[in-house]
$ cat query14.cif   # mmCIF, C-alpha atoms
data_target
loop_
_atom_site.label_atom_id
_atom_site.label_comp_id
_atom_site.auth_asym_id
_atom_site.auth_seq_id
_atom_site.Cartn_x
_atom_site.Cartn_y
_atom_site.Cartn_z
CA MET A 701 10.90 17.81 -27.14
CA SER A 702 7.17 17.63 -27.35
CA TRP A 703 5.55 16.49 -24.15
CA LEU A 704 1.96 16.00 -25.36
CA ARG A 705 2.50 12.28 -25.76
CA ILE A 706 -0.03 9.47 -25.68
CA ILE A 707 1.35 6.40 -23.96
CA LYS A 708 -0.92 3.38 -24.00
CA GLY A 709 -0.89 1.48 -20.71
CA LYS A 710 -0.33 -2.24 -20.70
CA ALA A 711 -1.96 -3.02 -17.40
CA LYS A 712 -2.45 -6.69 -16.75
CA ALA A 713 -5.96 -8.02 -16.38
CA THR A 714 -6.43 -9.60 -12.99
CA ASP A 715 -8.72 -12.39 -11.88
CA GLU A 716 -10.02 -12.15 -8.36
CA ARG A 717 -10.88 -15.85 -8.22
CA TYR A 718 -8.25 -18.17 -6.76
CA ALA A 719 -7.20 -20.93 -9.20
CA PRO A 720 -4.40 -23.25 -8.00
CA PRO A 721 -1.93 -24.52 -10.60
CA PRO A 722 -2.64 -27.96 -12.12
CA GLY A 723 -1.38 -30.89 -10.10
CA HIS A 724 -1.00 -28.95 -6.86
CA PRO A 725 -3.83 -29.08 -4.33
CA PRO A 726 -4.82 -25.67 -2.93
CA ASP A 727 -3.63 -24.70 0.54
CA LEU A 728 -6.91 -23.55 2.01
CA GLY A 729 -5.18 -22.32 5.15
CA ALA A 730 -2.84 -19.92 3.37
CA PRO A 731 -3.78 -16.24 3.01
CA PRO A 732 -4.20 -14.85 -0.52
CA GLU A 733 -1.00 -13.62 -2.13
CA TRP A 734 -0.48 -9.88 -1.79
CA GLU A 735 0.80 -8.20 -4.94
CA PRO A 736 1.50 -4.50 -4.34
CA ALA A 737 2.61 -3.89 -7.94
CA PRO A 738 1.24 -6.53 -10.33
CA GLU A 739 1.67 -4.49 -13.51
CA ALA A 740 4.21 -5.37 -16.19
CA ARG A 741 7.76 -4.42 -15.24
CA HIS A 742 10.01 -2.90 -17.89
CA ALA A 743 13.72 -3.63 -18.12
CA ASP A 744 14.39 -0.40 -20.00
CA GLY A 745 12.97 3.10 -19.96
CA LEU A 746 10.64 4.19 -22.72
CA TYR A 747 12.88 7.20 -23.33
CA ALA A 748 16.56 7.79 -22.68
CA ASP A 749 17.46 7.09 -19.06
CA ALA A 750 20.57 7.60 -16.95
CA SER A 751 23.93 6.05 -17.76
CA ARG A 752 25.36 2.90 -16.21
CA GLU A 753 28.01 5.02 -14.49
CA GLU A 754 25.36 7.14 -12.76
CA TYR A 755 23.51 4.00 -11.66
CA GLU A 756 26.68 2.50 -10.15
CA ALA A 757 27.58 5.79 -8.46
CA ALA A 758 24.11 5.90 -6.88
CA GLU A 759 24.43 2.32 -5.64
CA GLN A 760 27.77 3.18 -4.08
CA PHE A 761 26.31 6.34 -2.53
CA CYS A 762 23.49 4.37 -0.89
CA ALA A 763 25.92 1.72 0.38
CA GLN A 764 28.14 4.38 1.98
CA HIS A 765 25.32 6.53 3.38
CA PRO A 766 22.65 4.63 5.34
CA PRO A 767 19.17 6.18 5.67
CA GLU A 768 18.86 8.86 8.31
CA PRO A 769 16.89 7.71 11.36
CA PRO A 770 13.69 9.59 12.14
CA LYS A 771 14.22 12.58 14.39
CA LEU A 772 12.34 15.22 16.32
CA LEU A 773 12.03 18.58 14.63
CA PRO A 774 13.73 21.52 16.39
CA SER A 775 11.38 23.63 18.48
CA ARG A 776 11.88 26.60 16.15
CA VAL A 777 10.62 24.49 13.23
CA VAL A 778 7.57 23.31 15.19
CA GLU A 779 6.85 26.94 16.11
CA ARG A 780 7.17 27.92 12.45
CA ILE A 781 4.69 25.20 11.48
CA ASP A 782 2.30 26.40 14.19
CA ALA A 783 2.54 29.92 12.79
CA LEU A 784 2.52 29.22 9.04
CA GLY A 785 0.83 25.84 8.71
CA CYS A 786 1.48 24.22 5.33
CA ARG A 787 3.34 27.31 4.14
CA ALA A 788 6.23 26.23 6.38
CA TRP A 789 7.12 23.54 3.83
CA GLY A 790 9.33 24.36 0.89
CA LEU A 791 11.88 22.82 -1.46
CA GLU A 792 15.60 22.73 -0.78
CA ARG A 793 17.85 23.86 -3.62
CA PRO A 794 20.02 20.91 -4.69
CA ASP A 795 23.70 21.29 -3.91
CA SER A 796 24.60 20.08 -7.37
CA PRO A 797 26.04 21.69 -10.52
CA ARG A 798 23.42 19.70 -12.48
CA PHE A 799 20.67 22.07 -11.30
CA HIS A 800 20.20 25.20 -13.38
CA GLY A 801 17.22 27.24 -12.29
CA SER A 802 15.49 28.99 -9.42
CA ILE A 803 13.35 27.94 -6.46
CA HIS A 804 11.10 30.43 -4.63
CA ASN A 805 9.52 29.14 -1.44
CA PRO A 806 6.38 30.66 0.17
CA GLY A 807 8.42 32.22 2.98
CA ASP A 808 10.85 33.95 0.62
CA GLU A 809 8.52 36.85 -0.06
CA LYS A 810 6.27 38.55 2.46
CA GLY A 811 2.65 38.18 1.44
CA GLY A 812 3.56 35.91 -1.47
CA LEU A 813 1.60 32.94 -2.73
CA GLY A 814 1.43 29.78 -0.70
CA VAL A 815 3.15 27.61 -3.31
CA VAL A 816 6.74 26.85 -4.26
CA LYS A 817 7.71 28.15 -7.71
CA VAL A 818 10.42 26.32 -9.66
CA VAL A 819 11.88 27.28 -13.05
CA THR A 820 14.71 25.41 -14.79
CA ASP A 821 16.44 25.94 -18.13
CA GLU A 822 17.66 23.60 -20.85
CA ARG A 823 21.03 23.13 -19.11
CA CYS A 824 19.39 21.37 -16.15
CA GLN A 825 20.32 17.68 -16.02
CA ASP A 826 18.47 14.93 -14.12
CA VAL A 827 18.22 16.13 -10.53
CA CYS A 828 16.03 15.36 -7.51
CA ILE A 829 14.71 18.23 -5.38
CA LEU A 830 13.64 17.32 -1.84
CA SER A 831 11.36 19.17 0.55
CA ASP A 832 13.09 20.96 3.42
CA LEU A 833 10.79 19.28 5.97
CA PRO A 834 9.48 15.71 6.00
CA ILE A 835 5.92 15.16 4.84
CA LEU A 836 5.89 11.87 6.77
CA ALA A 837 7.62 12.12 10.17
CA GLY A 838 8.28 8.79 11.83
CA LEU A 839 8.33 9.99 15.44
CA TYR A 840 5.07 11.92 15.22
CA SER A 841 1.53 10.74 15.72
CA THR A 842 -0.99 10.00 12.99
CA HIS A 843 -3.97 10.09 15.36
CA GLY A 844 -6.97 11.52 13.53
CA LYS A 845 -5.07 11.60 10.24
CA LEU A 846 -5.73 9.64 7.05
CA GLY A 847 -2.47 10.51 5.31
CA VAL A 848 -0.43 13.27 3.72
CA TYR A 849 -0.65 14.90 0.31
CA TYR A 850 0.89 17.52 -1.98
CA GLU A 851 0.44 18.63 -5.60
CA VAL A 852 2.54 19.80 -8.54
CA LYS A 853 1.06 22.13 -11.17
CA ILE A 854 2.75 21.88 -14.56
CA ILE A 855 3.36 25.25 -16.22
CA ARG A 856 5.92 24.14 -18.79
CA MET A 857 7.63 20.80 -19.47
CA ASP A 858 10.11 20.91 -22.33
CA GLY A 859 12.23 18.40 -20.46
CA PHE A 860 10.40 16.23 -18.00
CA ILE A 861 9.19 16.13 -14.39
CA ALA A 862 8.74 13.32 -11.86
CA ILE A 863 6.76 13.52 -8.62
CA GLY A 864 7.21 11.29 -5.58
CA SER A 865 8.93 10.79 -2.24
CA ALA A 866 12.31 9.82 -0.81
CA CYS A 867 14.22 9.35 2.42
CA ARG A 868 17.44 11.22 3.10
CA PRO A 869 20.17 10.97 2.05
CA TYR A 870 19.20 10.44 -1.57
CA PRO A 871 21.58 10.74 -4.56
CA SER A 872 20.72 14.12 -6.03
CA TRP A 873 21.47 13.02 -9.60
CA ARG A 874 18.81 10.29 -9.50
CA LEU A 875 15.11 10.78 -10.18
CA PRO A 876 12.41 9.83 -7.63
CA GLY A 877 11.69 6.10 -7.54
CA TRP A 878 15.05 4.97 -8.92
CA ASN A 879 16.85 4.28 -5.66
CA ARG A 880 16.49 3.26 -2.04
CA LEU A 881 13.30 4.19 -0.19
CA SER A 882 11.96 6.32 -3.01
CA ALA A 883 8.70 6.28 -4.99
CA GLY A 884 7.95 8.22 -8.14
CA LEU A 885 5.63 8.80 -11.07
CA HIS A 886 7.54 9.91 -14.18
CA LEU A 887 5.52 12.24 -16.36
CA ASP A 888 7.27 11.50 -19.66
CA ASP A 889 6.16 7.86 -19.92
CA PHE A 890 3.62 7.78 -17.02
CA ARG A 891 5.33 4.81 -15.40
CA LYS A 892 5.57 4.30 -11.65
CA PHE A 893 8.76 3.45 -9.79
CA PHE A 894 9.63 2.22 -6.31
CA GLU A 895 13.33 1.49 -5.77
CA ASP A 896 13.36 0.57 -9.45
CA PRO A 897 16.47 1.62 -11.43
CA ASP A 898 15.16 0.05 -14.65
CA GLY A 899 12.14 0.94 -16.79
CA GLY A 900 9.46 1.06 -14.09
CA ARG A 901 5.95 -0.38 -14.30
CA ASP A 902 2.89 0.64 -16.26
CA TYR A 903 0.56 2.64 -14.04
CA THR A 904 -2.91 3.42 -15.38
CA PRO A 905 -4.56 4.07 -18.76
CA ARG A 906 -6.40 6.95 -17.08
CA LEU A 907 -3.24 9.05 -17.33
CA THR A 908 -1.94 9.24 -20.90
CA ARG A 909 -1.27 12.93 -21.57
CA LEU A 910 -0.59 16.24 -19.86
CA SER A 911 -1.31 19.83 -20.83
CA PRO A 912 -0.03 23.12 -19.42
CA GLY A 913 -1.98 23.87 -16.25
CA ASP A 914 -2.53 20.21 -15.35
CA THR A 915 -1.95 19.16 -11.75
CA VAL A 916 -0.50 15.86 -10.53
CA GLY A 917 -0.66 15.00 -6.84
CA PHE A 918 1.19 12.58 -4.54
CA GLY A 919 -0.57 10.98 -1.60
CA TYR A 920 0.36 8.55 1.16
CA ALA A 921 -2.37 6.82 3.17
CA PHE A 922 -1.36 5.71 6.66
CA ALA A 923 -3.72 2.73 7.00
CA LEU A 924 -1.85 0.39 4.64
CA GLY A 925 1.19 2.42 3.70
CA THR A 926 -0.35 3.19 0.31
CA VAL A 927 1.22 5.48 -2.28
CA PHE A 928 -1.22 6.96 -4.80
CA PHE A 929 -1.34 9.80 -7.31
CA THR A 930 -4.00 12.18 -8.59
CA HIS A 931 -4.55 13.99 -11.89
CA ASN A 932 -6.50 17.24 -12.05
CA GLY A 933 -8.29 16.45 -8.80
CA ALA A 934 -9.20 12.82 -9.58
CA ARG A 935 -7.62 10.11 -7.47
CA LEU A 936 -5.89 7.46 -9.58
CA PRO A 937 -5.46 3.78 -8.62
CA ASP A 938 -3.15 2.90 -5.74
CA ALA A 939 0.42 2.69 -7.01
CA PHE A 940 2.13 0.82 -4.14
CA THR A 941 0.96 -0.65 -0.84
CA GLY A 942 3.16 -1.39 2.17
CA ALA A 943 5.63 1.43 1.50
CA TYR A 944 7.57 3.06 4.35
CA LEU A 945 6.60 0.51 6.95
CA PRO A 946 7.10 0.30 9.84
CA ARG A 947 6.06 3.92 9.70
CA ALA A 948 8.02 4.95 12.81
CA ALA A 949 11.28 3.92 11.12
CA TYR A 950 11.29 6.65 8.46
CA ASP A 951 11.23 10.36 7.82
CA VAL A 952 9.98 10.75 4.25
CA TYR A 953 10.36 13.88 2.13
CA ALA A 954 8.56 15.12 -0.95
CA ALA A 955 10.74 14.52 -4.02
CA VAL A 956 10.39 16.24 -7.39
CA GLY A 957 12.67 15.27 -10.26
CA VAL A 958 13.33 17.59 -13.17
CA GLU A 959 15.37 17.67 -16.38
CA GLY A 960 15.53 20.34 -19.07
CA ALA A 961 13.52 23.54 -19.39
CA CYS A 962 10.52 23.29 -17.04
CA ALA A 963 8.34 25.46 -14.86
CA PHE A 964 6.04 24.18 -12.12
CA GLU A 965 4.48 25.00 -8.77
CA VAL A 966 4.52 22.74 -5.71
CA ASN A 967 1.61 23.10 -3.30
CA PHE A 968 1.95 21.62 0.19
CA GLY A 969 -1.41 23.03 1.23
CA GLY A 970 -0.67 26.75 1.25
CA ASP A 971 -3.14 27.04 -1.62
CA VAL A 972 -6.33 25.08 -2.38
CA PHE A 973 -5.73 21.54 -3.66
CA ARG A 974 -7.48 20.35 -6.82
CA TRP A 975 -8.05 16.99 -5.09
CA LYS A 976 -10.82 18.15 -2.75
CA GLU A 977 -10.22 15.55 -0.03
CA GLY A 978 -6.69 16.88 0.33
CA ASN A 979 -8.08 20.13 1.73
CA GLU A 980 -9.49 18.28 4.73
CA TRP A 981 -7.51 18.34 7.97
CA ALA A 982 -7.04 14.57 7.83
CA TRP A 983 -4.71 14.95 4.81
CA ARG A 984 -2.84 18.19 5.56
CA VAL A 985 0.86 17.80 6.30
CA GLU A 986 1.01 20.21 9.22
CA GLY A 987 -1.53 18.23 11.25
CA HIS A 988 0.89 15.29 11.33
CA VAL A 989 3.51 17.16 13.38
CA GLY A 990 3.42 18.22 17.01
CA THR A 991 2.23 15.12 18.89
CA LEU A 992 4.73 12.33 19.57
CA ALA A 993 3.79 8.85 18.41
CA GLY A 994 3.26 5.93 20.76
CA GLY A 995 -0.37 6.37 21.74
CA SER A 996 -3.19 3.92 21.21
CA GLY A 997 -4.68 3.21 17.83
CA GLU A 998 -1.39 3.14 15.92
CA GLY A 999 -0.96 -0.56 15.30
CA ASN A 1000 -0.45 -0.53 11.53
CA ASP A 1001 3.32 -0.99 11.78
CA GLU A 1002 3.05 -4.78 11.89
CA LEU A 1003 1.98 -4.96 8.25
CA PRO A 1004 4.62 -6.41 5.91
CA SER A 1005 6.49 -3.75 4.00
CA TYR A 1006 6.56 -3.44 0.23
CA ASN A 1007 10.21 -4.58 0.24
CA GLU A 1008 9.42 -7.66 2.33
CA VAL A 1009 6.63 -8.70 -0.02
CA ARG A 1010 8.80 -8.19 -3.09
CA ARG A 1011 11.71 -10.12 -1.49
CA ASP A 1012 9.45 -13.03 -0.50
CA ARG A 1013 8.15 -13.26 -4.07
CA ARG A 1014 11.69 -13.49 -5.41
CA VAL A 1015 12.54 -16.35 -3.02
CA ALA A 1016 9.37 -18.20 -3.99
#

$ encode --input "query14.cif" --output "C-alpha cells"
Amino acid sequence: MSWLRIIKGKAKATDERYAPPPGHPPDLGAPPEWEPAPEARHADGLYADASREEYEAAEQFCAQHPPEPPKLLPSRVVERIDALGCRAWGLERPDSPRFHGSIHNPGDEKGGLGVVKVVTDERCQDVCILSDLPILAGLYSTHGKLGVYYEVKIIRMDGFIAIGSACRPYPSWRLPGWNRLSAGLHLDDFRKFFEDPDGGRDYTPRLTRLSPGDTVGFGYAFALGTVFFTHNGARLPDAFTGAYLPRAAYDVYAAVGVEGACAFEVNFGGDVFRWKEGNEWAWRVEGHVGTLAGGSGEGNDELPSYNEVRRDRRVA
C-alpha cells in the first residue's frame, strides 16, 4: 500500500471568549471548562481497523489484568543506566505469533549505534512493541526535569506504524492508544488516540504526509501531564493534557505499533534527537531515574486526570 497519503485535518475552530447558552445566566464563579481533546472524534477508522473479536478480547484482557503498580528498578538496572545512559533503553520483542521481524537493541552489539533497529515483513499483523524499561517511572523524582522524550525514524512503511505510550500489561495485539492507559499517534491517518478503540481524533493539519527518513517523536511534559508529538524536529500541538496523573501511580513505557512490512529506528537518546530541546538534560529519560520521589516541588499530582475530565463531561 502506498503510504504517501495526504489526509486533510478537520480540526475544530475554537473561540477563546466565553459565551453562555441563551436563557442560562453565566456562572461567574465557575472555572473555565477544560477540554483536553476538543477535536472531532471519529466512530470508525479511516482505514481498516481491528475486528470486533479482537476488541472484545482486549477488553477482557484489561478486565482480568489490572495495571501493574509502579515499582523500583533493580539495582543492576540502575547501574546499567548509570553506565550506559539512554542506551540502556531498548524494545522488548513481543511474545506473540503476530510479530514477524527482528529487533536489535543498542546493547546487542558492542560499539553499535545508539538506536533500536526494527524490521518487519508483510506477515506481521497489528502488534504493540513496548520498551523494556519505563520512560516515566512513578516512584522516581522529576526534580529538575521538564519531561521525557523519544523519537522514531521511518525507513520504510509499507504497512503502518504508530508511536505512543502504554502501561503494562497491555494487550500485544492492540495498537498504541486503543486501550487502557495508552496514547498513540497513528501514522496512516495521522489521528491521535487515548484509550480510544474507535476512529480516534483529528490531530493537526501540520502533519499530512511522511517520507522515508522522516522522524516522529513522542514527548510527555511533567507540568500538566501533557502528551505531544514532533515531526522532523518541530514540536506539534499538544495532543492530550492530564494524562498519567497522578504521576506517582504509573510506570509508563514507550509503545510502538506496527503492521506489515516496515523498517524504523527508535532513539531513546543514544543518538542526537532531531527535536533540539530533547537533547537537553531536562528531557532525557535517564535523568528521571535514580532519585526517589517525595521531595519538595512535586505538587502537580493534584491536577485532574484526562480520564476524570472526560468522565465528568459525559455526566454533564

$ resolve_selection --input "query14.cif" --expression "the PyMOL selection byres ((chain A and resi 798-808) around 12)" --output "ChimeraX atom specification"
/A:780-781,783-797,809-832,872-874,957-971

$ atom_distance --input "query14.cif" --atom1 "atom CA of Pro912 of chain A" --atom2 "atom CA of Arg856 of chain A"
6.1 Å

$ axis_aligned_box --input "query14.cif" --around "segment 866-876 of chain A" --padding-each-side "4 Å" --output "lines of an AutoDock Vina configuration file"
center_x = 16.9
center_y = 11.7
center_z = -3.5
size_x = 17.3
size_y = 12.8
size_z = 21.3

$ closest_atom_pairs --input "query14.cif" --of "segment 882-948 of chain A" --to "segment 753-756 of chain A" --cutoff "12 Å" --atoms "only C-alpha atoms" --output "tab-separated table"
residue	atom	partner	partner_atom	distance
A:Asp896	CA	A:Tyr755	CA	10.9
A:Pro897	CA	A:Tyr755	CA	7.4
A:Asp898	CA	A:Tyr755	CA	9.7

$ resolve_selection --input "query14.cif" --expression "the PyMOL selection byres ((chain A and resi 863-865) around 7)" --output "list in words"
Ile861, Ala862, Ala866, Pro876, Ser882, Ala883, Gly884, Leu885, His886, Phe918, Val952, Tyr953, Ala954, Ala955, Val956 and Gly957 of chain A

$ resolve_selection --input "query14.cif" --expression "the PyMOL selection byres ((chain A and resi 936) around 10)" --output "ChimeraX atom specification"
/A:903-907,917,928-931,933-935,937-939

$ atom_distance --input "query14.cif" --atom1 "atom CA of Ala837 of chain A" --atom2 "atom CA of Val778 of chain A"
12.3 Å

$ atom_distance --input "query14.cif" --atom1 "atom CA of Pro834 of chain A" --atom2 "atom CA of His765 of chain A"
18.5 Å

$ closest_residue --input "query14.cif" --among "A:Glu986, A:Glu895, A:Glu759, A:Asp951" --to "Pro871 of chain A" --atoms "only C-alpha atoms"
A:Glu759

$ residues_around --input "query14.cif" --residues "Leu773 of chain A" --least-positions-apart "2" --cutoff "10 Å" --atoms "only C-alpha atoms" --output "ChimeraX atom specification"
/A:770-771,775-779,833-834,837,839-840,989-990
